[in-house]
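Shown next, in structure tokens, is the structure this report addresses.
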Amino acid sequence: MAAHISKTFLNVLNRGSVSVVNKHHHRSVWVISSCCTRTVSSISAAEPGLTPRLSSHLHGKSYTELHELSLRDPETFWGSIAGERLTWSKRFEQVNDCDLATGRINWFLGGQLNVSVNCLDVHVARDPDRVALIWEKDEPGTEERVTYRELLEATCRLANTLKSYGVKRGDRVAIYMPVSPIAVAAMLACARIGAVHTVVFAGFSSEALAGRIQDAQCKVVITCNQGVRGGRLINLKATVDAAVESCPSVQRVLVARRTDNPISMGKLDTPLEEAMASASPECAPEPMASEDMLFLLYTSGSTGKPKGVVHTQAGYLLYASVTHQHVFDYSPGDVFGCVADIGWITGHSYVVYGPLSNGATSVLFESTPTYPNPGRYWETVQRLGINQFYGAPTAIRLLLKYEESWVKRYDRSSLKTLASVGEPINHEAWEWFYNVVGDARCPLVDTWWQTETGGICIAPRPAHEGGEIRPAMAMRPFFGIQPALMGEKGQTVTGNDVNGALCISKPWPGMARTIFGDHQRFVEAYLKPYPGHYFTGDGAYRTEDGYYQITGRMDDVINISGHRLGTAEIEDALDAHPDVPETAVVGVSHDIKGEVPFAFVVLKEKAMQEQEVVLEELRRLVATKIAKYAVPDHFLVVKRLPKTRSGKIMRRILRKIAMDQTDSLGDVSTLDDPSVVMEIIQAYKQTFRG
Ligand code: WTA
């Protein structure tokens, strides 16, 4: 393995110092303070995170018994797992102290640990040359491997670089980079020194990036000169330059080099590799309290600006780690291939924290499903020997349109588990993924979860040995998860073969703790709608035999190619146009992307003559304020929007019109002026049916 070690990644480091680390890595046992009695070398004997069991205490129990125990006695269940799987510098005193009514959520109180130690040092102590990351770069066949020792060294150098620019415990650092080893090192470097990272998906515009940096008050931004995706270059540094102009909190921009193209460096900018080369390769990990912040990740809700979802240290890591192992049936030595970007929660939990805490080899997929051809995923599976493949339904729907030979020509015998996330997977996509890709041989697990849940909450695995898997269904709650369905009057819907609003009735270690800077909003959005429960925003159906099937969002959040977006955000961007007094955006179905935005826009009288020009400006506005993928696929210019007497736009009706389902409009009697509906239907017919 060591022979394949990434040349580029090593170039990042000061060549001479690699041997220095070699010489010293035996010393890098983690002794934080005098109170620290457990060192990496002593704890590694117990193989934290490598045991196929949950914990010795829970060994030999069935899924049903364990699930029941996890709800009845979370102290015993999570306490024993946390004690065995995580490496603590100070052992916790109390397993949990939670109150879902007020949003007080605490796990593993009194404990101290460092997430980067759990993801790196523990594995370096046992097996430093194990491959931690395989960077599957855009061009097939150019992958680079990074060992745990190398990743630890890069992490420490980056951590020391951050320190040298004044980043301290609790400070926020924005990471605006596509998936790459240096981006992973950046996340772990923050964790090492107790800084809080906020990774911003590198497809977001400069304004969207600026909004997040401002909200989080980031001190440093880490980016790279350019991104490379599908054979195209993306000028990330230029986007960061534009963003930081309106972000006075930013004191430094660290710029990694992904390509050799020249970039202009301003006075805030520092070349990251150079800074790392002169930084020390060792960095003592900061002991963090279990409930100190680990990261913020901005995500869309039904109202307002994206919110900074807060995840903390121990509970998040434990939950990511346990779900990674047991939902995907990961075993030591497996190559875990999650093709998500680190800009989303899936990348956080199942590219970085889950796999690395388990000592896995995690694939970093930089490319697209169709570059250079629609066989890319399966060629990658063959070349890297991927054992678990975790992807999104939107990509599957795209790929199934091509000849099966794009799949069949590659050897997929390494695959053991297939998995899907991000949106409901339809039957056709499920069957194709299962039969064509998996040769009807590998379990295909549809995993339901959210940015806020930290890790997978409902999935067909774990189950008792060989437990059945129903197509296109997330099925079973994970340990510690108690789903509940709620009716329109706020009552719990009991029994089977029922629908309702999906809630989770007990706190679990991976759940979000708050919204950065706005705990009240956290309580309002998730805990108030159904007091005593966490409300997910999704609807679900419980089958006759008690399995769960997610039916989709119940709020104004839409899901475009698995990317979550609030219709209100798109409306805000459109409303910024001076000729647009009012808009309403709804999601409509799309056979590949799942959903796409459909915008109803009211134009000022004078703009009516030049509609096409204004619409083009609107498209550009959304791309610059949010991201290209947020640009509505359809626009319909209307005179008025349907509103209730209290002035609320009735999106339900607009969605029906946009989906061309006007024969089932439902009740329109609460509208202030029901004639608006006919007016809009007319406009729709004229525009879309000619
Ligand atoms: C949707 C992604 C159906 C859901 C991990 C959820 C799903 C939102 C599934 C969260 C699934 C995610 N089946 N719907 N398996 N997985 N969703 O925060 O609407 O980006 O609320 O987290 O995606 O999106 P987020």
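Order determines the names: the first chain of the structure tokens is A, the second B, and so forth; residues in each chain are numbered 1 upward, and ligands are numbered 1 upward as they are shown.
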
| Residues at most 12 Å from Phe516 of chain A, counting only C-alpha atoms, excluding those fewer than 6 positions away in the same chain, as a list in words? | Arg172, Val196, Thr198, Arg212, Gln214, Asp215, Ala216, Gln217, Met293, Leu294, Phe295, Leu296, Leu297, Tyr298, Thr299, Pro306, Lys307, Gly308, Val309, Val310, His311, Thr312 and Phe522 of chain A

| request: Using DSSP on the backbone coordinates, identify the residues of segment 235-351 of chain A assigned to alpha helix (DSSP H); present them as number ranges by chain. | output: A: 236-244, 272-277, 314-327, 345-347

| Test item: residues lying within 7 Å of ligand 1 with only C-alpha atoms and all ligand atoms, as a ChimeraX atom specification | /A:299,344-346,420-425,446-452,474,536-538,550-553,559,562-564

| said: With only C-alpha atoms as the counted atoms, please give the residues lying no more than 8 Å from His324 of chain A, apart from itself and same-chain residues fewer than 4 positions off, as a ChimeraX atom specification. | reply: /A:320,328-330,350,354-355

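Atom pair atom CA of Phe478 of chain A / atom CA of Gln313 of chain A has a distance of 20.0 Å (rounded to one decimal).
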
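Distances from A:Trp107, A:Phe389, A:Tyr402, A:Trp135 to Ser414 of chain A were compared using only C-alpha atoms, and the smallest one belongs to A:Phe389.
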
| Residue neighbourhood segment 603-615 of chain A, 10 Å, only C-alpha atoms, exclusion window fewer than 4 positions, as a VMD selection string | chain A and resid 574 577 to 583 619 to 621 635 to 640

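Among A:Leu69, A:Ile234, A:Ala429, A:Met288, the residue with the shortest atom-to-atom distance to Ile396 of chain A, counting only C-alpha atoms, is A:Ala429.
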
| task | Tell me which protein, DNA and RNA residues are within 8 Å of His464 of chain A, counting only C-alpha atoms, leaving out same-chain ones fewer than 6 positions away, and put them as a list of chain:residue names. | result | A:Ser62, A:Tyr63, A:Thr64

Please, could you write that set of residues out with C-alpha atoms as a compact mmCIF listing (two decimals), in the first residue's frame?
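Listing of selection_5.txt after writing:
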```txt
# COMPACT_ATOMS: atom_id res chain seq x y z
CA SER A 62 -30.46 -9.56 18.64
CA TYR A 63 -31.39 -6.37 16.82
CA THR A 64 -34.78 -6.36 18.50
```

| Suppose you want the space between atom CA of Ile481 of chain A and atom CA of Leu415 of chain A; what is it in Å? | 28.0 Å

| query | Separation of atom CA of Lys528 of chain A and atom CA of Val586 of chain A, in Å? | reply | 24.7 Å

| query | With distances taken over only C-alpha atoms, which of A:Ser321, A:Asn160, A:Val250, A:Pro178 is nearest to Met276 of chain A? | reply | A:Asn160

| query | How would you write, as a ChimeraX atom specification, the set of residues in segment 389-525 of chain A that DSSP gives as strand (DSSP E or B)? | reply | /A:389-391,417-421,444-448,458,475,477,483-486,492-493,498-504,514-515

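You can rank A:Gly315, A:Gly438, A:Pro281, A:Gly500 by their closest distance to Ile81 of chain A using only C-alpha atoms, and at the top of that list sits A:Gly315.
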
| task | Please provide as a ChimeraX atom specification all residues within 12 Å of Asn435 of chain A, with the sequence filter that same-chain residues fewer than 6 positions apart are discarded (counting only C-alpha atoms). | result | /A:400,404,407-408,418,427-429,441-444,471

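Of the residues under consideration (A:Pro287, A:Lys267, A:Ala202, A:Lys593), A:Ala202 shows the shortest atom-to-atom contact distance to Gly343 of chain A when counting only C-alpha atoms.
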
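Proximity to Val184 of chain A was assessed for A:Gly690, A:Gly347, A:Pro332, A:Pro509 counting only C-alpha atoms; the smallest distance is recorded for A:Gly347.
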
| task | Within 7 Å of Gly227 of chain A, counting only C-alpha atoms, which residues show up once you throw out same-chain ones fewer than 2 positions away? Write them as an NGL selection string, please. | result | :A and (178 or 229 or 233-236 or 258)

Requested write-out: all heavy atoms of the selected residues, as a compact mmCIF listing (two decimals), in the first residue's frame:
```txt
# COMPACT_ATOMS: atom_id res chain seq x y z
N PRO A 178 -13.68 21.38 -2.60
CA PRO A 178 -14.26 20.10 -2.96
C PRO A 178 -13.57 19.00 -2.16
O PRO A 178 -12.57 19.26 -1.47
CB PRO A 178 -13.92 19.95 -4.45
CG PRO A 178 -13.25 21.20 -4.86
CD PRO A 178 -12.80 21.90 -3.64
N ARG A 229 -13.78 19.19 -11.88
CA ARG A 229 -14.92 18.26 -11.83
C ARG A 229 -15.47 18.03 -13.22
O ARG A 229 -15.75 18.98 -13.94
CB ARG A 229 -16.01 18.86 -10.93
CG ARG A 229 -17.00 17.85 -10.47
CD ARG A 229 -17.65 18.18 -9.16
NE ARG A 229 -18.52 17.09 -8.78
CZ ARG A 229 -19.82 17.06 -9.08
NH1 ARG A 229 -20.39 18.05 -9.72
NH2 ARG A 229 -20.56 16.02 -8.73
N LEU A 233 -12.74 23.12 -15.00
CA LEU A 233 -12.11 23.83 -13.88
C LEU A 233 -13.11 24.81 -13.27
O LEU A 233 -13.88 25.44 -13.98
CB LEU A 233 -10.88 24.59 -14.36
CG LEU A 233 -9.75 23.74 -14.93
CD1 LEU A 233 -8.63 24.62 -15.45
CD2 LEU A 233 -9.23 22.77 -13.87
N ILE A 234 -13.08 24.91 -11.97
CA ILE A 234 -13.99 25.83 -11.27
C ILE A 234 -13.12 26.79 -10.45
O ILE A 234 -12.29 26.34 -9.64
CB ILE A 234 -14.95 25.07 -10.34
CG1 ILE A 234 -15.68 23.99 -11.14
CG2 ILE A 234 -15.95 26.00 -9.68
CD1 ILE A 234 -15.90 22.71 -10.39
N ASN A 235 -13.32 28.08 -10.65
CA ASN A 235 -12.45 29.05 -9.99
C ASN A 235 -12.93 29.37 -8.57
O ASN A 235 -13.58 30.37 -8.32
CB ASN A 235 -12.37 30.34 -10.81
CG ASN A 235 -11.52 30.10 -12.04
OD1 ASN A 235 -10.49 29.41 -11.97
ND2 ASN A 235 -11.97 30.62 -13.17
N LEU A 236 -12.58 28.49 -7.67
CA LEU A 236 -13.06 28.64 -6.30
C LEU A 236 -12.47 29.86 -5.61
O LEU A 236 -13.15 30.56 -4.87
CB LEU A 236 -12.71 27.38 -5.50
CG LEU A 236 -13.32 26.09 -6.03
CD1 LEU A 236 -12.83 24.91 -5.21
CD2 LEU A 236 -14.83 26.17 -5.98
N ARG A 258 -4.88 22.99 -6.10
CA ARG A 258 -5.41 21.78 -6.73
C ARG A 258 -4.89 21.68 -8.16
O ARG A 258 -4.73 20.58 -8.68
CB ARG A 258 -6.95 21.80 -6.69
CG ARG A 258 -7.63 20.71 -7.48
CD ARG A 258 -7.25 19.33 -6.95
NE ARG A 258 -7.85 18.27 -7.74
CZ ARG A 258 -7.25 17.73 -8.80
NH1 ARG A 258 -6.06 18.16 -9.21
NH2 ARG A 258 -7.84 16.74 -9.46
```
